[in-house]
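For reference, the structure is listed below as structure tokens.
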Amino acid sequence: MTRQTPIVAATDRATSTEAALGARRARLIRRLGAEPFRPGLWGVWIPALVTMLAAALRVPGLARPHELIFDETYYAKDAYALLQAGYELSWPEEADEAFLAGAPAPEDEASFVVHPPLGKWLIALGIRAVGADSAVGWRIASVVAGVLTVLLVALIAQRMFRSVFLGGVAGVLLAVEGHHLVMSRAALLDIFLSLFVLAAFGALLADRWQGRRRLAALLARAPEAGGGDGGCAGSGRGPLLLWRPWRLAAAVLLGCATSVKLSALAFVAVFGVLVVLWDLQARRAAGLRGWSSAGLRDGLLAVVTVLPLAAVTYVITWTGWLVTSGGWGRTWHLTHPAEGLGQLVPGPLRSLWHYHVSILEFHEGLSDGHDYASSPWTWPFMGRPVSMHYESIEAGSSGCGEAACSQAVLDLANPVIWWGGLVALLVVVALWLGRRDWRHGAILSGVLAGWAVWLFFPARTMFFFYTVAYEPFLILALVAVAALVMRRGAARAGRRRPGRAGSSQRAAALVLAFVLLATAASIFFHPLWTAELIPTDQWQWRMWLESWV
């Protein structure tokens, strides 16, 4: 019998120690729900194909109609003014006609606007690249934002539900959905809000998985700090996770979302609560007895890092207004000297604060009637979509070969997806109450921030197109239900005798049938979304509800 040398014995002990650490880390990662997901090449190709589908549906006919439809009359012209002066300018009467003729001529006087500048700067990039003489110029940025949102929802669903198939389902549903398609083809702000909110959500998901893996690795090396042995609960609060780059990225993205529309503040608040709850649950799942105080400590750290970074990002987007002197209210501080501690604040920032006070006063008093205004209570049922453009064309004019033709851009959602999404949300609520699956809570947080916040302002004038900010979460709710169907099918297949037809194939076929039905509905309604010239009687066929007219 041979005796091991000290070097060999030490090597064996080191190997054994590393193996034990690896095993502890693996157990903690499973307990924390942070197992890696490797989708392979299909996980790249499917989102790429879905993205190309989204682009193919949004780009053709983008210049039609050559008009400033609905609120494009504000945002496209504001975007052009930003390129000229760095801030929004007033426009003379009949300015739309000159703009459409390729001869925009804003006045020298600054204009008071009630939305931050980032969305208009993005529209301005399209105008700079293509020109102001074509509708493509002021709409192309919206197309890019819409296509990127489709890509993001496909990737997020793929990772959340650990399925390339379900990621593809999410991407296709959003790609063909008409409400999203219309908003992706119009120079309005809400599609940019949707993009930044979804990107911030994706960054927070990445932070959740990365943070939990780091927590598992640190606890595995110091089991005495609490729960790292995979067995007994520890007595400590666990390590402090200081460097969280994905959380910082989310802060920047939320700052950008707020600089598109101030309603993004609701997402800042709701997502902030969400990540604190995630941190609390992570430390509790890790077996730490001090999980509550540790989670609150993490939450406080998030507040002092995320909120200032989001605020700085927001202020930076006002650079054009800050570095010039002609913007509305820009020199307010010169006629209103600061007092007390206010003297420590730079004058331009005090003027910017005054500007925002004026903006909030405007929004609080915005209660004018509008033919297409709607209550948030009607949004889940699609009670009053917004007609952004409608033209009745007589026979023989503009290629109309029927008794009468219609050309419309109606912000109408795909009924199969929208009403199916409402049912899916109810299912997700029930699942979350029954199982407390974090994914269901995450989906509901996006809907809550994008929809429920408007219930607090019942007198304000509101429109259905605001819902595009939370529509990706509606798609994720549909995918959550599809995941449930697939899981039930797989469970039943596992209980069947070999050789029998599996329920998993039938579950996948059921999901695909829903996607095909939604796609068929999109083909039917597509002319209403893209200003195609169709006979008026065919337009009437598509007016299923009187409130849609």
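The chains in the structure tokens are called A, B, ... from first to last as shown; in each chain the residues are counted from 1, and the ligands are counted from 1 in the order shown.
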_I want to know what sits within 8 Å of A:Lys261, based on only C-alpha atoms, with residues of the same chain fewer than 4 positions away left out; could you give that as a ChimeraX atom specification?_
/A:115-116,189-190,193,257
Next, the residues of the selection above should be written as a PDB file, in the first residue's frame with C-alpha atoms.
```pdb
ATOM      1  CA  HIS A 115     -43.934  66.647 -22.686  1.00  0.00           C
ATOM      2  CA  PRO A 116     -40.176  66.251 -22.125  1.00  0.00           C
ATOM      3  CA  LEU A 189     -44.366  59.583 -28.244  1.00  0.00           C
ATOM      4  CA  ASP A 190     -45.948  56.506 -26.717  1.00  0.00           C
ATOM      5  CA  LEU A 193     -42.176  55.162 -23.854  1.00  0.00           C
ATOM      6  CA  ALA A 257     -38.653  56.758 -20.373  1.00  0.00           C
TER       7      ALA A 257
END
```
*Spatial neighbours of A:Ala141, 7 Å, only C-alpha atoms, chain gap at least 3 places, as a PyMOL selection string*: chain A and resi 122-123+126+144-145
Shell of 8 Å around A:Val479, only C-alpha atoms, local chain residues under 6 positions omitted, as a compact mmCIF listing (two decimals) with C-alpha atoms, in the first residue's frame:
```txt
# COMPACT_ATOMS: atom_id res chain seq x y z
CA ALA A 157 -40.35 35.90 -22.83
CA LEU A 166 -42.69 30.73 -26.20
CA VAL A 169 -44.87 33.22 -29.74
CA ALA A 170 -44.48 36.47 -27.80
```
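Using only C-alpha atoms, the protein and nucleic acid residues lying no more than 8 Å from stretch 39-51 of chain A, apart from those fewer than 4 places from it along its own chain, are A:Ala55, A:Val147, A:Leu148, A:Val150, A:Leu151, A:Ala154, A:Leu155, A:Gln158, A:Arg162, A:Ser163, A:Val164, A:Gly167, A:Gly168, A:Gly171, A:Val172, A:Ala175.
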Would you export the selected residues with N, CA, C and O atoms as an mmCIF file, in the first residue's frame, please?
```cif
data_model
loop_
_atom_site.group_PDB
_atom_site.id
_atom_site.type_symbol
_atom_site.label_atom_id
_atom_site.label_comp_id
_atom_site.auth_asym_id
_atom_site.auth_seq_id
_atom_site.Cartn_x
_atom_site.Cartn_y
_atom_site.Cartn_z
ATOM 1 N N ALA A 55 -40.401 44.284 -38.868
ATOM 2 C CA ALA A 55 -39.966 45.333 -39.794
ATOM 3 C C ALA A 55 -40.727 45.244 -41.113
ATOM 4 O O ALA A 55 -41.131 46.262 -41.684
ATOM 5 N N VAL A 147 -39.975 47.999 -33.760
ATOM 6 C CA VAL A 147 -39.275 46.759 -34.101
ATOM 7 C C VAL A 147 -38.401 46.303 -32.933
ATOM 8 O O VAL A 147 -38.361 45.108 -32.594
ATOM 9 N N LEU A 148 -37.707 47.225 -32.304
ATOM 10 C CA LEU A 148 -36.874 46.868 -31.150
ATOM 11 C C LEU A 148 -37.711 46.346 -29.986
ATOM 12 O O LEU A 148 -37.285 45.443 -29.257
ATOM 13 N N VAL A 150 -40.471 44.622 -30.284
ATOM 14 C CA VAL A 150 -40.794 43.236 -30.630
ATOM 15 C C VAL A 150 -39.620 42.317 -30.300
ATOM 16 O O VAL A 150 -39.800 41.227 -29.730
ATOM 17 N N LEU A 151 -38.414 42.731 -30.659
ATOM 18 C CA LEU A 151 -37.227 41.932 -30.345
ATOM 19 C C LEU A 151 -37.090 41.733 -28.840
ATOM 20 O O LEU A 151 -36.836 40.610 -28.360
ATOM 21 N N ALA A 154 -39.622 39.280 -27.331
ATOM 22 C CA ALA A 154 -39.281 37.897 -27.673
ATOM 23 C C ALA A 154 -38.156 37.377 -26.779
ATOM 24 O O ALA A 154 -38.225 36.246 -26.260
ATOM 25 N N LEU A 155 -37.127 38.189 -26.580
ATOM 26 C CA LEU A 155 -35.999 37.774 -25.736
ATOM 27 C C LEU A 155 -36.399 37.652 -24.272
ATOM 28 O O LEU A 155 -35.986 36.726 -23.561
ATOM 29 N N GLN A 158 -38.569 34.559 -23.812
ATOM 30 C CA GLN A 158 -37.717 33.381 -23.943
ATOM 31 C C GLN A 158 -36.989 33.089 -22.646
ATOM 32 O O GLN A 158 -36.921 31.939 -22.188
ATOM 33 N N ARG A 162 -38.065 30.267 -20.141
ATOM 34 C CA ARG A 162 -37.053 29.270 -20.481
ATOM 35 C C ARG A 162 -37.506 28.436 -21.690
ATOM 36 O O ARG A 162 -37.422 27.215 -21.680
ATOM 37 N N SER A 163 -37.977 29.134 -22.713
ATOM 38 C CA SER A 163 -38.497 28.438 -23.894
ATOM 39 C C SER A 163 -38.298 29.308 -25.126
ATOM 40 O O SER A 163 -38.836 30.422 -25.198
ATOM 41 N N VAL A 164 -37.565 28.802 -26.083
ATOM 42 C CA VAL A 164 -37.396 29.509 -27.357
ATOM 43 C C VAL A 164 -38.734 29.581 -28.080
ATOM 44 O O VAL A 164 -39.069 30.593 -28.705
ATOM 45 N N GLY A 167 -40.837 32.282 -26.535
ATOM 46 C CA GLY A 167 -40.274 33.574 -26.922
ATOM 47 C C GLY A 167 -40.702 33.955 -28.333
ATOM 48 O O GLY A 167 -41.041 35.113 -28.600
ATOM 49 N N GLY A 168 -40.696 32.976 -29.237
ATOM 50 C CA GLY A 168 -41.158 33.236 -30.594
ATOM 51 C C GLY A 168 -42.630 33.586 -30.635
ATOM 52 O O GLY A 168 -43.055 34.469 -31.399
ATOM 53 N N GLY A 171 -43.016 37.209 -29.590
ATOM 54 C CA GLY A 171 -42.577 38.122 -30.632
ATOM 55 C C GLY A 171 -43.558 38.209 -31.785
ATOM 56 O O GLY A 171 -43.858 39.304 -32.275
ATOM 57 N N VAL A 172 -44.092 37.069 -32.215
ATOM 58 C CA VAL A 172 -45.048 37.073 -33.331
ATOM 59 C C VAL A 172 -46.319 37.813 -32.945
ATOM 60 O O VAL A 172 -46.858 38.611 -33.726
ATOM 61 N N ALA A 175 -45.625 41.421 -33.006
ATOM 62 C CA ALA A 175 -45.300 41.872 -34.363
ATOM 63 C C ALA A 175 -46.558 42.089 -35.195
ATOM 64 O O ALA A 175 -46.639 43.047 -35.977
#
```
*Calculate how many Å separate atom CA of A:Ala222 from atom CA of A:Asp279, rounding to one decimal.*
19.1 Å
Which residues of stretch 286-368 of chain A come within 12 Å of stretch 60-83 of chain A, and what is each one's closest atom pair and distance in Å (one decimal), counting only C-alpha atoms, sorted by chain and residue number, as CSV?
```
residue,atom,partner,partner_atom,distance
A:Trp318,CA,A:Leu82,CA,10.9
A:Thr319,CA,A:Leu82,CA,11.0
A:Gly320,CA,A:Leu82,CA,7.7
A:Trp321,CA,A:Leu82,CA,9.1
A:Thr324,CA,A:Leu82,CA,11.3
A:Gly326,CA,A:Leu82,CA,11.8
A:Gly327,CA,A:Leu82,CA,10.3
```
*Which residue out of A:Gly22, A:Gly369, A:Gly119, A:Gly290 has the minimum interatomic distance to A:Cys256 when only C-alpha atoms are used?*
A:Gly119
_I'd like the contact shell of stretch 263-271 of chain A - 10 Å cut-off, only C-alpha atoms, skipping same-chain residues fewer than 2 positions apart - returned as a ChimeraX atom specification._
/A:115,193-194,196-197,200-201,204,250-251,254-261,273-277,306-307,310,442,445-454,466,469-470
*So which bits of stretch 210-438 of chain A end up strand (DSSP E) when you DSSP the backbone, as an NGL selection string?*
:A and (386-394 or 404-411)
*Pick the closest to A:Phe514 from A:Phe465, A:Gln210, A:Ile417, A:Leu426: which is it, counting only C-alpha atoms?*
A:Ile417
_Excluding A:Asp537 and its own-chain neighbours fewer than 5 positions away, which residues fall within 10 Å of it when counting only C-alpha atoms? Please give them as number ranges by chain._
A: 402-406, 542
*Which polymer residues have any atom within 6 Å of an atom of stretch 179-188 of chain A, counting only C-alpha atoms, with same-chain residues fewer than 2 positions away left out, as a list in words?*
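Residues near the query, excluding close chain neighbours: Glu72, Trp138, Arg139, Ser142, Val143, Gly146, Glu177, Asp190, Ile191, Asp411, Leu412, Ala413 and Trp529 of chain A.
Our summary of the geometry notes that atom CA of A:Thr331 is positioned 9.4 Å from atom CA of A:Leu352.
Atom CA of A:Ala483 is positioned 15.1 Å from atom CA of A:Val153.
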